[in-house]
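File shown: model-v8.cif (mmCIF, C-alpha atoms and all ligand atoms).
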```
data_protein
loop_
_atom_site.label_atom_id
_atom_site.label_comp_id
_atom_site.auth_asym_id
_atom_site.auth_seq_id
_atom_site.Cartn_x
_atom_site.Cartn_y
_atom_site.Cartn_z
CA VAL A 1 -1.17 -13.79 14.09
CA ILE A 2 -2.18 -11.50 11.35
CA SER A 3 -0.64 -9.17 9.01
CA ARG A 4 -1.92 -7.03 6.27
CA VAL A 5 1.57 -7.03 5.14
CA ALA A 6 2.70 -4.20 3.30
CA VAL A 7 5.55 -4.91 1.43
CA GLY A 8 8.10 -3.63 3.52
CA LEU A 9 11.16 -5.61 3.03
CA ALA A 10 10.93 -5.19 -0.69
CA SER A 11 12.03 -1.63 -0.20
CA LEU A 12 15.30 -2.84 1.18
CA ALA A 13 16.18 -3.91 -2.31
CA LEU A 14 17.34 -0.37 -2.90
CA VAL A 15 20.15 -0.66 -0.45
CA ALA A 16 20.51 -4.31 0.26
CA GLY A 17 19.85 -6.07 -2.99
CA PRO A 18 17.06 -8.56 -3.48
CA VAL A 19 15.23 -9.25 -0.28
CA LEU A 20 12.11 -11.13 0.38
CA ALA A 21 9.00 -9.11 0.27
CA ALA A 22 7.16 -9.50 3.49
CA THR A 23 7.20 -11.38 6.69
CA PRO A 24 4.38 -12.18 9.02
CA ALA A 25 4.27 -10.20 12.18
CA HIS A 26 5.21 -13.03 14.43
CA ALA A 27 8.24 -13.90 12.37
CA VAL A 28 9.51 -10.37 12.53
CA LEU A 29 8.95 -10.27 16.24
CA ALA A 30 11.02 -13.36 16.66
CA ARG A 31 13.90 -11.99 14.66
CA PRO A 32 16.65 -9.63 15.80
CA ASN A 33 16.02 -6.08 14.70
CA VAL A 34 18.60 -6.25 11.96
CA ALA A 35 17.99 -6.36 8.26
CA ALA A 36 20.86 -7.28 6.01
CA GLY A 37 23.28 -5.44 8.19
CA HIS A 38 21.44 -2.13 7.97
CA ALA A 39 19.90 -0.39 10.90
CA SER A 40 16.22 -0.76 10.30
CA THR A 41 13.13 0.86 11.58
CA ILE A 42 10.57 -1.85 11.70
CA ALA A 43 7.05 -0.58 11.68
CA GLY A 44 3.89 -1.68 13.22
CA CYS A 45 3.68 -5.28 14.12
CA VAL A 46 7.18 -5.28 15.40
CA THR A 47 6.73 -2.81 18.18
CA GLY A 48 5.70 -5.63 20.45
CA THR A 49 2.43 -3.93 21.23
CA ALA A 50 0.53 -5.32 18.30
CA LYS A 51 -1.85 -8.01 19.36
CA PRO A 52 -2.80 -10.93 17.23
CA VAL A 53 -6.33 -10.51 16.03
CA GLY A 54 -6.95 -13.90 14.56
CA ARG A 55 -5.43 -16.32 12.15
CA TYR A 56 -4.46 -13.65 9.69
CA GLY A 57 -1.76 -11.03 9.90
CA HIS A 58 -1.06 -7.64 8.38
CA ASP A 59 1.92 -6.77 6.31
CA PRO A 60 4.74 -5.47 8.45
CA ALA A 61 6.20 -3.06 5.87
CA THR A 62 9.75 -2.75 7.01
CA ILE A 63 11.56 0.34 5.87
CA THR A 64 15.00 1.52 6.81
CA PRO A 65 15.51 5.21 7.54
CA ALA A 66 18.05 5.26 4.70
CA VAL A 67 15.52 4.04 2.16
CA GLN A 68 12.86 6.36 3.51
CA ALA A 69 15.20 9.35 3.23
CA LYS A 70 16.28 8.41 -0.27
CA VAL A 71 12.69 8.02 -1.45
CA GLN A 72 11.67 11.30 0.16
CA GLY A 73 14.52 13.04 -1.67
CA GLN A 74 13.36 11.58 -4.98
CA LEU A 75 9.76 12.61 -4.34
CA ASN A 76 10.87 16.12 -3.40
CA ALA A 77 12.88 16.34 -6.62
CA GLU A 78 9.84 15.18 -8.59
CA THR A 79 7.71 17.86 -6.94
CA THR A 80 10.30 20.52 -7.78
CA THR A 81 10.28 19.43 -11.42
CA LEU A 82 6.49 19.40 -11.57
CA LYS A 83 6.30 22.88 -10.03
CA ALA A 84 8.80 24.22 -12.54
CA ASP A 85 6.76 22.69 -15.36
CA ALA A 86 3.59 24.28 -14.02
CA GLU A 87 5.29 27.67 -13.77
CA ARG A 88 6.54 27.40 -17.34
CA THR A 89 3.04 26.55 -18.51
CA ALA A 90 1.59 29.50 -16.63
CA ALA A 91 4.22 31.84 -18.11
CA ARG A 92 3.53 30.56 -21.62
CA ASP A 93 -0.20 31.05 -21.13
CA LEU A 94 0.46 34.61 -19.98
CA VAL A 95 2.50 35.37 -23.10
CA ARG A 96 -0.32 34.02 -25.23
CA GLY A 97 -2.71 36.34 -23.47
CA ARG A 98 -4.65 33.61 -21.76
CA VAL A 99 -6.23 34.13 -18.43
CA THR A 100 -3.67 33.23 -15.83
CA THR A 101 -5.28 30.67 -13.69
CA THR A 102 -3.22 28.66 -11.27
CA VAL A 103 -1.74 25.74 -13.14
CA PRO A 104 -2.03 22.63 -10.98
CA VAL A 105 1.25 21.00 -10.11
CA LEU A 106 -0.22 17.52 -10.13
CA PRO A 107 -2.55 16.07 -12.73
CA ALA A 108 -6.12 15.62 -11.51
CA GLN A 109 -6.03 11.98 -12.53
CA ILE A 110 -3.58 9.19 -13.11
CA HIS A 111 -4.53 6.08 -15.04
CA VAL A 112 -3.66 2.65 -13.75
CA PRO A 113 -4.42 -0.43 -15.83
CA VAL A 114 -5.02 -3.50 -13.70
CA VAL A 115 -4.60 -7.20 -14.32
CA ILE A 116 -5.91 -9.70 -11.79
CA HIS A 117 -4.36 -13.15 -11.60
CA ILE A 118 -6.60 -15.70 -9.91
CA ILE A 119 -4.66 -18.67 -8.58
CA HIS A 120 -6.56 -21.85 -7.87
CA GLY A 121 -5.31 -24.51 -5.47
CA THR A 122 -5.94 -28.18 -5.89
CA HIS A 123 -7.23 -29.16 -2.46
CA LYS A 124 -10.88 -29.40 -1.63
CA LYS A 125 -10.69 -26.83 1.15
CA ASP A 126 -9.00 -24.27 -1.06
CA ARG A 127 -11.13 -21.26 -1.84
CA ASN A 128 -11.04 -20.94 -5.58
CA VAL A 129 -12.41 -17.55 -6.49
CA SER A 130 -14.43 -16.93 -9.60
CA ARG A 131 -13.85 -14.32 -12.27
CA SER A 132 -16.90 -12.45 -11.06
CA ALA A 133 -15.52 -12.40 -7.50
CA ALA A 134 -12.31 -10.92 -8.92
CA ARG A 135 -14.25 -8.29 -10.81
CA ASN A 136 -16.15 -7.48 -7.64
CA LEU A 137 -12.86 -6.98 -5.79
CA PHE A 138 -11.79 -4.63 -8.56
CA ARG A 139 -14.96 -2.58 -8.02
CA ILE A 140 -14.11 -2.34 -4.32
CA LEU A 141 -10.64 -1.09 -5.22
CA LYS A 142 -11.99 1.51 -7.58
CA ALA A 143 -14.70 2.72 -5.23
CA GLY A 144 -12.27 3.09 -2.32
CA TYR A 145 -9.99 5.41 -4.28
CA ALA A 146 -13.01 7.34 -5.54
CA GLY A 147 -14.10 8.09 -1.98
CA LYS A 148 -17.20 5.90 -2.02
CA GLN A 149 -16.61 4.62 1.51
CA ASP A 150 -16.45 8.10 3.02
CA PRO A 151 -18.57 10.93 1.62
CA THR A 152 -16.14 13.53 3.04
CA MET A 153 -13.10 12.09 1.28
CA VAL A 154 -11.58 13.97 -1.64
CA PRO A 155 -11.34 11.43 -4.48
CA THR A 156 -7.74 10.46 -5.19
CA GLY A 157 -8.01 10.73 -8.96
CA VAL A 158 -6.35 7.33 -9.27
CA MET A 159 -8.36 5.83 -12.11
CA PHE A 160 -8.10 2.05 -12.22
CA ARG A 161 -9.14 0.17 -15.35
CA LEU A 162 -9.47 -3.59 -15.38
CA ALA A 163 -7.62 -4.79 -18.44
CA LYS A 164 -7.57 -8.55 -17.89
CA VAL A 165 -8.33 -11.41 -15.54
CA THR A 166 -6.23 -14.57 -15.74
CA VAL A 167 -6.85 -17.91 -14.05
CA SER A 168 -4.12 -20.44 -13.17
CA ARG A 169 -4.26 -23.72 -11.36
CA ASN A 170 -1.05 -24.33 -9.45
CA ASP A 171 -0.92 -25.55 -5.89
CA SER A 172 2.52 -24.21 -5.04
CA TRP A 173 1.56 -20.79 -6.39
CA TYR A 174 -1.67 -20.93 -4.42
CA HIS A 175 0.24 -21.45 -1.19
CA ALA A 176 3.27 -19.34 -2.14
CA ARG A 177 4.85 -17.44 0.70
CA PRO A 178 6.26 -13.96 0.06
CA GLY A 179 9.68 -14.00 -1.55
CA THR A 180 9.85 -17.76 -2.02
CA ARG A 181 10.77 -19.55 -5.20
CA ALA A 182 7.12 -20.34 -5.88
CA ASP A 183 6.16 -16.69 -5.39
CA LYS A 184 8.85 -15.47 -7.79
CA GLN A 185 8.15 -18.21 -10.32
CA MET A 186 4.45 -17.33 -10.33
CA LYS A 187 5.15 -13.65 -10.87
CA ARG A 188 7.80 -14.14 -13.54
CA LYS A 189 5.34 -16.30 -15.41
CA LEU A 190 2.20 -14.24 -14.97
CA HIS A 191 3.26 -10.59 -14.68
CA ARG A 192 1.83 -8.42 -17.43
CA GLY A 193 2.38 -4.89 -18.63
CA GLN A 194 4.83 -2.20 -17.63
CA LYS A 195 5.54 -0.33 -14.40
CA ASN A 196 2.22 1.49 -14.58
CA MET A 197 0.19 -1.73 -14.55
CA LEU A 198 -1.06 -3.04 -11.23
CA ASN A 199 -0.72 -6.82 -11.15
CA ILE A 200 -2.94 -8.33 -8.44
CA TYR A 201 -2.41 -11.96 -7.41
CA LEU A 202 -5.19 -13.74 -5.54
CA ASN A 203 -3.97 -16.71 -3.55
CA SER A 204 -3.75 -17.88 0.05
CA VAL A 205 -0.42 -16.23 0.99
CA SER A 206 0.38 -19.01 3.41
CA GLU A 207 2.72 -18.70 6.33
CA PRO A 208 3.80 -21.55 8.58
CA ASP A 209 1.88 -20.19 11.52
CA GLY A 210 -1.07 -18.45 9.96
CA ALA A 211 -1.50 -16.25 6.96
CA LEU A 212 -1.06 -12.74 5.72
CA LEU A 213 -3.93 -10.65 4.47
CA GLY A 214 -1.69 -9.51 1.67
CA PHE A 215 1.56 -7.87 0.74
CA SER A 216 2.87 -5.46 -1.85
CA ARG A 217 5.97 -4.10 -3.53
CA PHE A 218 6.86 -0.45 -3.30
CA PRO A 219 7.07 1.55 -6.56
CA TRP A 220 10.77 2.31 -6.22
CA ALA A 221 11.50 -1.41 -6.44
CA ALA A 222 9.70 -1.79 -9.76
CA ALA A 223 12.50 -0.66 -12.05
CA ARG A 224 15.00 -3.13 -10.65
CA GLN A 225 12.70 -6.14 -10.46
CA PRO A 226 9.85 -5.39 -12.85
CA LYS A 227 8.53 -8.93 -12.99
CA LEU A 228 8.16 -9.17 -9.21
CA ASP A 229 6.15 -5.96 -9.01
CA GLY A 230 2.55 -6.15 -7.88
CA ILE A 231 0.41 -7.00 -4.88
CA THR A 232 -0.78 -10.27 -3.45
CA ILE A 233 -4.16 -10.53 -1.79
CA ASN A 234 -5.21 -13.40 0.41
CA VAL A 235 -8.49 -14.81 -0.84
CA ALA A 236 -9.54 -15.01 2.84
CA SER A 237 -9.71 -11.19 2.84
CA MET A 238 -12.12 -11.06 -0.06
CA PRO A 239 -15.80 -10.47 0.64
CA GLY A 240 -17.13 -13.49 2.48
CA GLY A 241 -13.65 -14.88 3.12
CA ARG A 242 -12.42 -16.46 6.32
CA ALA A 243 -10.40 -13.52 7.66
CA HIS A 244 -12.85 -12.40 10.31
CA ALA A 245 -13.29 -8.58 10.42
CA TYR A 246 -10.92 -8.26 7.47
CA ASN A 247 -13.13 -9.84 4.85
CA LEU A 248 -14.87 -6.93 3.17
CA GLY A 249 -12.15 -6.55 0.56
CA ASP A 250 -10.34 -3.45 1.86
CA THR A 251 -7.00 -5.26 1.85
CA VAL A 252 -6.77 -4.61 -1.90
CA ILE A 253 -7.09 -0.87 -1.23
CA HIS A 254 -4.45 -0.97 1.50
CA GLU A 255 -1.93 -3.00 -0.51
CA SER A 256 -2.34 -0.89 -3.63
CA GLY A 257 -1.65 2.13 -1.39
CA HIS A 258 1.78 0.62 -0.73
CA TRP A 259 2.14 -0.12 -4.44
CA LEU A 260 1.62 3.62 -4.99
CA GLY A 261 4.24 4.54 -2.40
CA LEU A 262 2.33 4.96 0.86
CA PHE A 263 3.68 3.76 4.18
CA HIS A 264 1.57 2.73 7.13
CA THR A 265 0.16 5.61 9.13
CA PHE A 266 2.12 4.29 12.10
CA GLN A 267 5.44 4.22 10.21
CA GLY A 268 8.14 5.49 12.55
CA GLY A 269 5.73 5.71 15.48
CA CYS A 270 5.55 9.19 16.99
CA GLU A 271 8.91 10.21 15.51
CA ALA A 272 9.31 12.43 12.46
CA PRO A 273 9.17 11.92 9.54
CA GLY A 274 6.58 9.24 10.31
CA ASP A 275 4.84 8.19 7.12
CA GLY A 276 6.04 11.29 5.26
CA VAL A 277 2.48 12.59 4.91
CA ALA A 278 1.59 15.81 6.73
CA ASP A 279 -2.13 15.27 7.23
CA THR A 280 -2.02 11.82 8.79
CA PRO A 281 -1.28 12.39 12.48
CA ALA A 282 1.49 10.27 13.93
CA GLU A 283 0.53 7.20 15.91
CA ALA A 284 2.68 5.05 18.11
CA GLU A 285 1.42 1.69 16.94
CA PRO A 286 -1.04 0.11 14.54
CA SER A 287 -4.73 0.27 15.24
CA PHE A 288 -6.58 -2.99 15.36
CA LYS A 289 -10.36 -2.95 15.67
CA CYS A 290 -11.68 0.63 15.57
CA ASN A 291 -10.94 2.93 18.51
CA LYS A 292 -11.69 6.32 16.99
CA THR A 293 -10.78 8.34 20.09
CA ARG A 294 -7.32 6.85 20.37
CA ASP A 295 -4.42 9.31 20.71
CA THR A 296 -1.08 7.59 21.12
CA CYS A 297 1.35 10.42 20.32
CA PRO A 298 1.89 13.82 21.93
CA THR A 299 0.51 16.60 19.75
CA PRO A 300 3.35 18.54 18.14
CA LEU A 301 3.52 22.21 19.18
CA PRO A 302 3.25 24.72 16.35
CA ALA A 303 6.35 26.62 15.26
CA GLY A 304 6.91 29.65 17.49
CA TRP A 305 4.83 28.27 20.33
CA VAL A 306 5.93 29.62 23.73
CA GLN A 307 4.91 28.77 27.24
CA GLY A 308 1.55 30.34 27.96
CA ASP A 309 0.25 30.10 24.39
CA PRO A 310 -2.84 27.94 23.99
CA LEU A 311 -2.11 24.30 23.38
CA PRO A 312 -3.05 22.92 19.95
CA ALA A 313 -6.05 20.64 19.76
CA PRO A 314 -5.03 17.01 20.14
CA GLU A 315 -4.67 15.08 16.91
CA LEU A 316 -6.39 11.74 17.17
CA ASP A 317 -4.82 8.68 15.59
CA PRO A 318 -5.80 8.12 11.94
CA VAL A 319 -7.43 4.77 12.69
CA THR A 320 -9.95 5.07 9.85
CA ASP A 321 -7.25 5.61 7.25
CA PHE A 322 -6.81 2.84 4.67
CA MET A 323 -3.12 2.64 5.61
CA ASP A 324 -3.73 1.60 9.20
CA TYR A 325 -4.51 -1.97 10.34
CA SER A 326 -8.07 -1.35 11.51
CA TYR A 327 -11.03 -3.56 10.68
CA ASP A 328 -12.43 -3.30 7.19
CA THR A 329 -15.61 -1.79 8.61
CA CYS A 330 -13.44 0.96 10.13
CA MET A 331 -11.01 2.04 7.42
CA ASN A 332 -12.65 4.24 4.82
CA HIS A 333 -10.43 6.94 3.34
CA PHE A 334 -7.15 8.37 2.08
CA THR A 335 -6.16 11.96 2.91
CA PRO A 336 -5.28 14.72 0.41
CA GLY A 337 -1.66 14.39 1.55
CA GLN A 338 -1.69 10.70 0.72
CA ARG A 339 -3.24 11.51 -2.63
CA THR A 340 -0.38 13.91 -3.35
CA ARG A 341 2.21 11.33 -2.36
CA MET A 342 0.62 8.57 -4.46
CA VAL A 343 0.33 10.69 -7.58
CA THR A 344 3.84 12.09 -7.17
CA ALA A 345 5.27 8.61 -6.63
CA PHE A 346 3.37 7.31 -9.66
CA LEU A 347 4.81 10.06 -11.85
CA ARG A 348 8.30 9.47 -10.47
CA TYR A 349 8.41 5.68 -10.52
CA ARG A 350 5.57 4.31 -12.61
CA ALA A 351 4.79 6.68 -15.43
CA VAL A 352 5.35 5.13 -18.85
CA HIS A 353 6.34 7.58 -21.54
ZN ZN B 401 0.34 -2.45 4.97
#
```

Would you write out, as structure tokens, the structure that this file holds?
Ligand SMILES: [Zn+2]
Amino acid sequence: VISRVAVGLASLALVAGPVLAATPAHAVLARPNVAAGHASTIAGCVTGTAKPVGRYGHDPATITPAVQAKVQGQLNAETTTLKADAERTAARDLVRGRVTTTVPVLPAQIHVPVVIHIIHGTHKKDRNVSRSAARNLFRILKAGYAGKQDPTMVPTGVMFRLAKVTVSRNDSWYHARPGTRADKQMKRKLHRGQKNMLNIYLNSVSEPDGALLGFSRFPWAAARQPKLDGITINVASMPGGRAHAYNLGDTVIHESGHWLGLFHTFQGGCEAPGDGVADTPAEAEPSFKCNKTRDTCPTPLPAGWVQGDPLPAPELDPVTDFMDYSYDTCMNHFTPGQRTRMVTAFLRYRAVH
């Protein structure tokens, strides 16, 4: 079973206290649909329709409706503040006799320092990645956000800068499962920087019955547990790794999307608010492989539509989006709506003043 685990359960920390970060798909499937006593909407792998695609699993990003609503409220408040700031700036410019151009609400760029922690295991079969392999993964991260995988993508303006690469040899860290003592110990020891710094851990993210491609913490969890913030990437997902069809390195782009506040494109299935992003059509379940003509949700009718009006064009599932579970060869872009959400979430939860 596989999971490109997005850090779902970590988000529960908001309402349920410390919770482990991610669970492999099969484990979630086997568990009652209850999280710490809260009604939970479990995304993706838990719908029962997700099929195992190999030894590795995606992150099941579990988010309760309560957390989702709370986060959306905070993001809306941030947007209101940013708009007010932009209006004040425009008014000030007008008074000073400057040409009144539209003042952008969001900055064109945000700057994200990155530290990569390479963990080496001690067994012969362990894949111990080199510093140059880590730097190569960083280039993949950067290029993905810059739109280099899809010439039609608007660059996100998320500017990553590699500040440091560390190397540790520790077998329990190498095999650390999400939320375990080894996982927390590793992060408390190695975590660097403040909330704006992306800490990337490269290990084998073991699970009893397979492995995860990676997992992440959401930005709203960073303030409460700053040392546990960051993303973990399975070395099997790195270029040339053993995770068949998921070994071109795109997992680092997907997980950092969660780190910047994005949900899976299939969050909530066909039901509103879905992933909270307007330009990623709803989809009922994760996409594995790359079926670009898939359409799993009914197309919403536009406001004011009445019987007899033309039907809207169907909206195909966003299977090539970085926040789906498709093959690395398939996923290639973020949307402008995702860009807006990431930058807004960064300003709200990760900006360091
Ligand atoms: Zn994910």

Item to check | Residues near Val103 of chain A, cut-off 12 Å, only C-alpha atoms, skip fewer than 3 positions along chain, as an MDAnalysis selection string | outcome: chainID A and resid 82:94 99:100 106:108

Checklist entry - If you count all atoms listed in the file, which residues fall within 10 Å of Gln72 of chain A, apart from same-chain ones fewer than 5 positions away, as a PyMOL selection string? => result chain A and resi 66-67+77-78+273+276+341+345

Item to check | Length of the atom CA of Arg294 of chain A to atom CA of Pro314 of chain A vector [Å] | outcome: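 Straight-line distance from atom CA of Arg294 of chain A to atom CA of Pro314 of chain A works out to 10.4 Å.
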
Item to check | Length of the atom CA of Ala243 of chain A to atom CA of Gly214 of chain A vector [Å] | outcome: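 Interatomic distance, atom CA of Ala243 of chain A to atom CA of Gly214 of chain A: 11.3 Å.
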
Checklist entry - Could you tell me, as number ranges by chain, which residues have any atom at most 10 Å from (0.0, -5.7, -8.7), counting all atoms listed in the file? => result A: 113-117, 187, 191-192, 195-201, 215-217, 228-233, 252, 255-256, 259

Next on the checklist: Could you check which residues have any atom within 6 Å of (-11.0, -8.4, 1.1), counting all atoms listed in the file with coordinates taken straight from the file, and then list them as a list in words?
Outcome noted: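 Here the neighbourhood of the point contains Ser237, Met238, Pro239, Asn247, Leu248, Gly249, Asp250 and Thr251 of chain A.
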
Checklist entry - For ligand ZN 401 (chain B), which residue out of A:Gly97, A:Pro298, A:Gly241, A:Gly257 is the nearest one, using only C-alpha atoms and all ligand atoms? => result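 Of A:Gly97, A:Pro298, A:Gly241, A:Gly257, the one nearest ligand ZN 401 (chain B), counting only C-alpha atoms and all ligand atoms, is A:Gly257.
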
Item to check | Residue with smallest distance to ligand ZN 401 (chain B) - pool A:Ala282, A:Ala133, A:Ile253, A:Ala351, counting only C-alpha atoms and all ligand atoms | outcome: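 Smallest distance to ligand ZN 401 (chain B) is found for A:Ile253.
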
Next on the checklist: Given only C-alpha atoms and all ligand atoms as the basis, pick out the residue of A:Val352, A:Leu260, A:Ile119, A:Ala182 nearest to ligand ZN 401 (chain B).
Outcome noted: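 Among the listed residues, the smallest separation from ligand ZN 401 (chain B) belongs to A:Leu260.
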
Item to check | Between atom CA of Pro178 of chain A and atom CA of Glu207 of chain A - distance in Å to one decimal | outcome: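 About the pair atom CA of Glu207 of chain A and atom CA of Pro178 of chain A: they are 8.6 Å apart.
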
Next on the checklist: Restricting the calculation to all atoms listed in the file: of A:Tyr349, A:Phe322, A:Phe160, A:Trp173, which residue gets closest to ligand ZN 401 (chain B)?
Outcome noted: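 Of A:Tyr349, A:Phe322, A:Phe160, A:Trp173, the one nearest ligand ZN 401 (chain B) is A:Phe322, counting all atoms listed in the file.
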
Item to check | Surrounding residues of segment 328-340 of chain A excluding itself and chain neighbours under 6 positions, 8 Å, only C-alpha atoms, as a list in words | outcome: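 My list of contacting residues is Leu106, Gly144, Tyr145, Gly147, Gln149, Asp150, Met153, Val154, Thr156, Gly157, Ala245, Tyr246, Asn247, Leu248, Gly249, Asp250, Thr251, Leu262, Val277, Ala278, Asp279, Thr280, Lys289, Cys290, Val319, Thr320, Asp321 and Phe322 of chain A.
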
Item to check | Nearest to Ser172 of chain A, chosen from A:His123, A:Ala222, A:Thr152, A:Gln194, with all atoms listed in the file counted in the distances | outcome: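 Closest candidate: A:His123.
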
Item to check | Among listed residues A:Gln267, A:Thr344, A:Gln68, A:Asn291, nearest ligand ZN 401 (chain B) (using all atoms listed in the file) | outcome: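 When distances to ligand ZN 401 (chain B) are compared using all atoms listed in the file, the smallest one comes from A:Gln267.
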
Would it be fine to have segment 185-197 of chain A, with N, CA and C atoms, given as a PDB file, in the first residue's frame?
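Output (decode29.pdb):
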```pdb
ATOM      1  N   GLN A 185      12.189  12.644  18.315  1.00  0.00           N
ATOM      2  CA  GLN A 185      13.544  12.842  18.817  1.00  0.00           C
ATOM      3  C   GLN A 185      14.445  13.408  17.713  1.00  0.00           C
ATOM      4  N   MET A 186      14.312  12.826  16.524  1.00  0.00           N
ATOM      5  CA  MET A 186      15.095  13.290  15.372  1.00  0.00           C
ATOM      6  C   MET A 186      14.820  14.771  15.101  1.00  0.00           C
ATOM      7  N   LYS A 187      13.539  15.122  15.082  1.00  0.00           N
ATOM      8  CA  LYS A 187      13.197  16.492  14.732  1.00  0.00           C
ATOM      9  C   LYS A 187      13.588  17.485  15.818  1.00  0.00           C
ATOM     10  N   ARG A 188      13.408  17.084  17.081  1.00  0.00           N
ATOM     11  CA  ARG A 188      13.796  17.998  18.165  1.00  0.00           C
ATOM     12  C   ARG A 188      15.291  18.254  18.137  1.00  0.00           C
ATOM     13  N   LYS A 189      16.025  17.251  17.706  1.00  0.00           N
ATOM     14  CA  LYS A 189      17.483  17.381  17.646  1.00  0.00           C
ATOM     15  C   LYS A 189      17.923  18.190  16.414  1.00  0.00           C
ATOM     16  N   LEU A 190      17.294  17.927  15.292  1.00  0.00           N
ATOM     17  CA  LEU A 190      17.823  18.475  14.038  1.00  0.00           C
ATOM     18  C   LEU A 190      17.149  19.755  13.553  1.00  0.00           C
ATOM     19  N   HIS A 191      15.938  20.032  13.976  1.00  0.00           N
ATOM     20  CA  HIS A 191      15.188  21.156  13.406  1.00  0.00           C
ATOM     21  C   HIS A 191      15.967  22.462  13.520  1.00  0.00           C
ATOM     22  N   ARG A 192      15.966  23.207  12.439  1.00  0.00           N
ATOM     23  CA  ARG A 192      16.683  24.479  12.407  1.00  0.00           C
ATOM     24  C   ARG A 192      15.751  25.606  11.971  1.00  0.00           C
ATOM     25  N   GLY A 193      16.057  26.804  12.426  1.00  0.00           N
ATOM     26  CA  GLY A 193      15.375  27.985  11.946  1.00  0.00           C
ATOM     27  C   GLY A 193      14.029  28.223  12.612  1.00  0.00           C
ATOM     28  N   GLN A 194      13.305  29.182  12.044  1.00  0.00           N
ATOM     29  CA  GLN A 194      12.009  29.560  12.581  1.00  0.00           C
ATOM     30  C   GLN A 194      10.889  28.992  11.705  1.00  0.00           C
ATOM     31  N   LYS A 195       9.674  29.524  11.923  1.00  0.00           N
ATOM     32  CA  LYS A 195       8.507  28.974  11.223  1.00  0.00           C
ATOM     33  C   LYS A 195       8.582  29.099   9.707  1.00  0.00           C
ATOM     34  N   ASN A 196       9.399  30.052   9.242  1.00  0.00           N
ATOM     35  CA  ASN A 196       9.490  30.264   7.796  1.00  0.00           C
ATOM     36  C   ASN A 196      10.474  29.310   7.127  1.00  0.00           C
ATOM     37  N   MET A 197      11.204  28.530   7.925  1.00  0.00           N
ATOM     38  CA  MET A 197      12.214  27.649   7.330  1.00  0.00           C
ATOM     39  C   MET A 197      11.660  26.244   7.102  1.00  0.00           C
TER      40      MET A 197
END
```
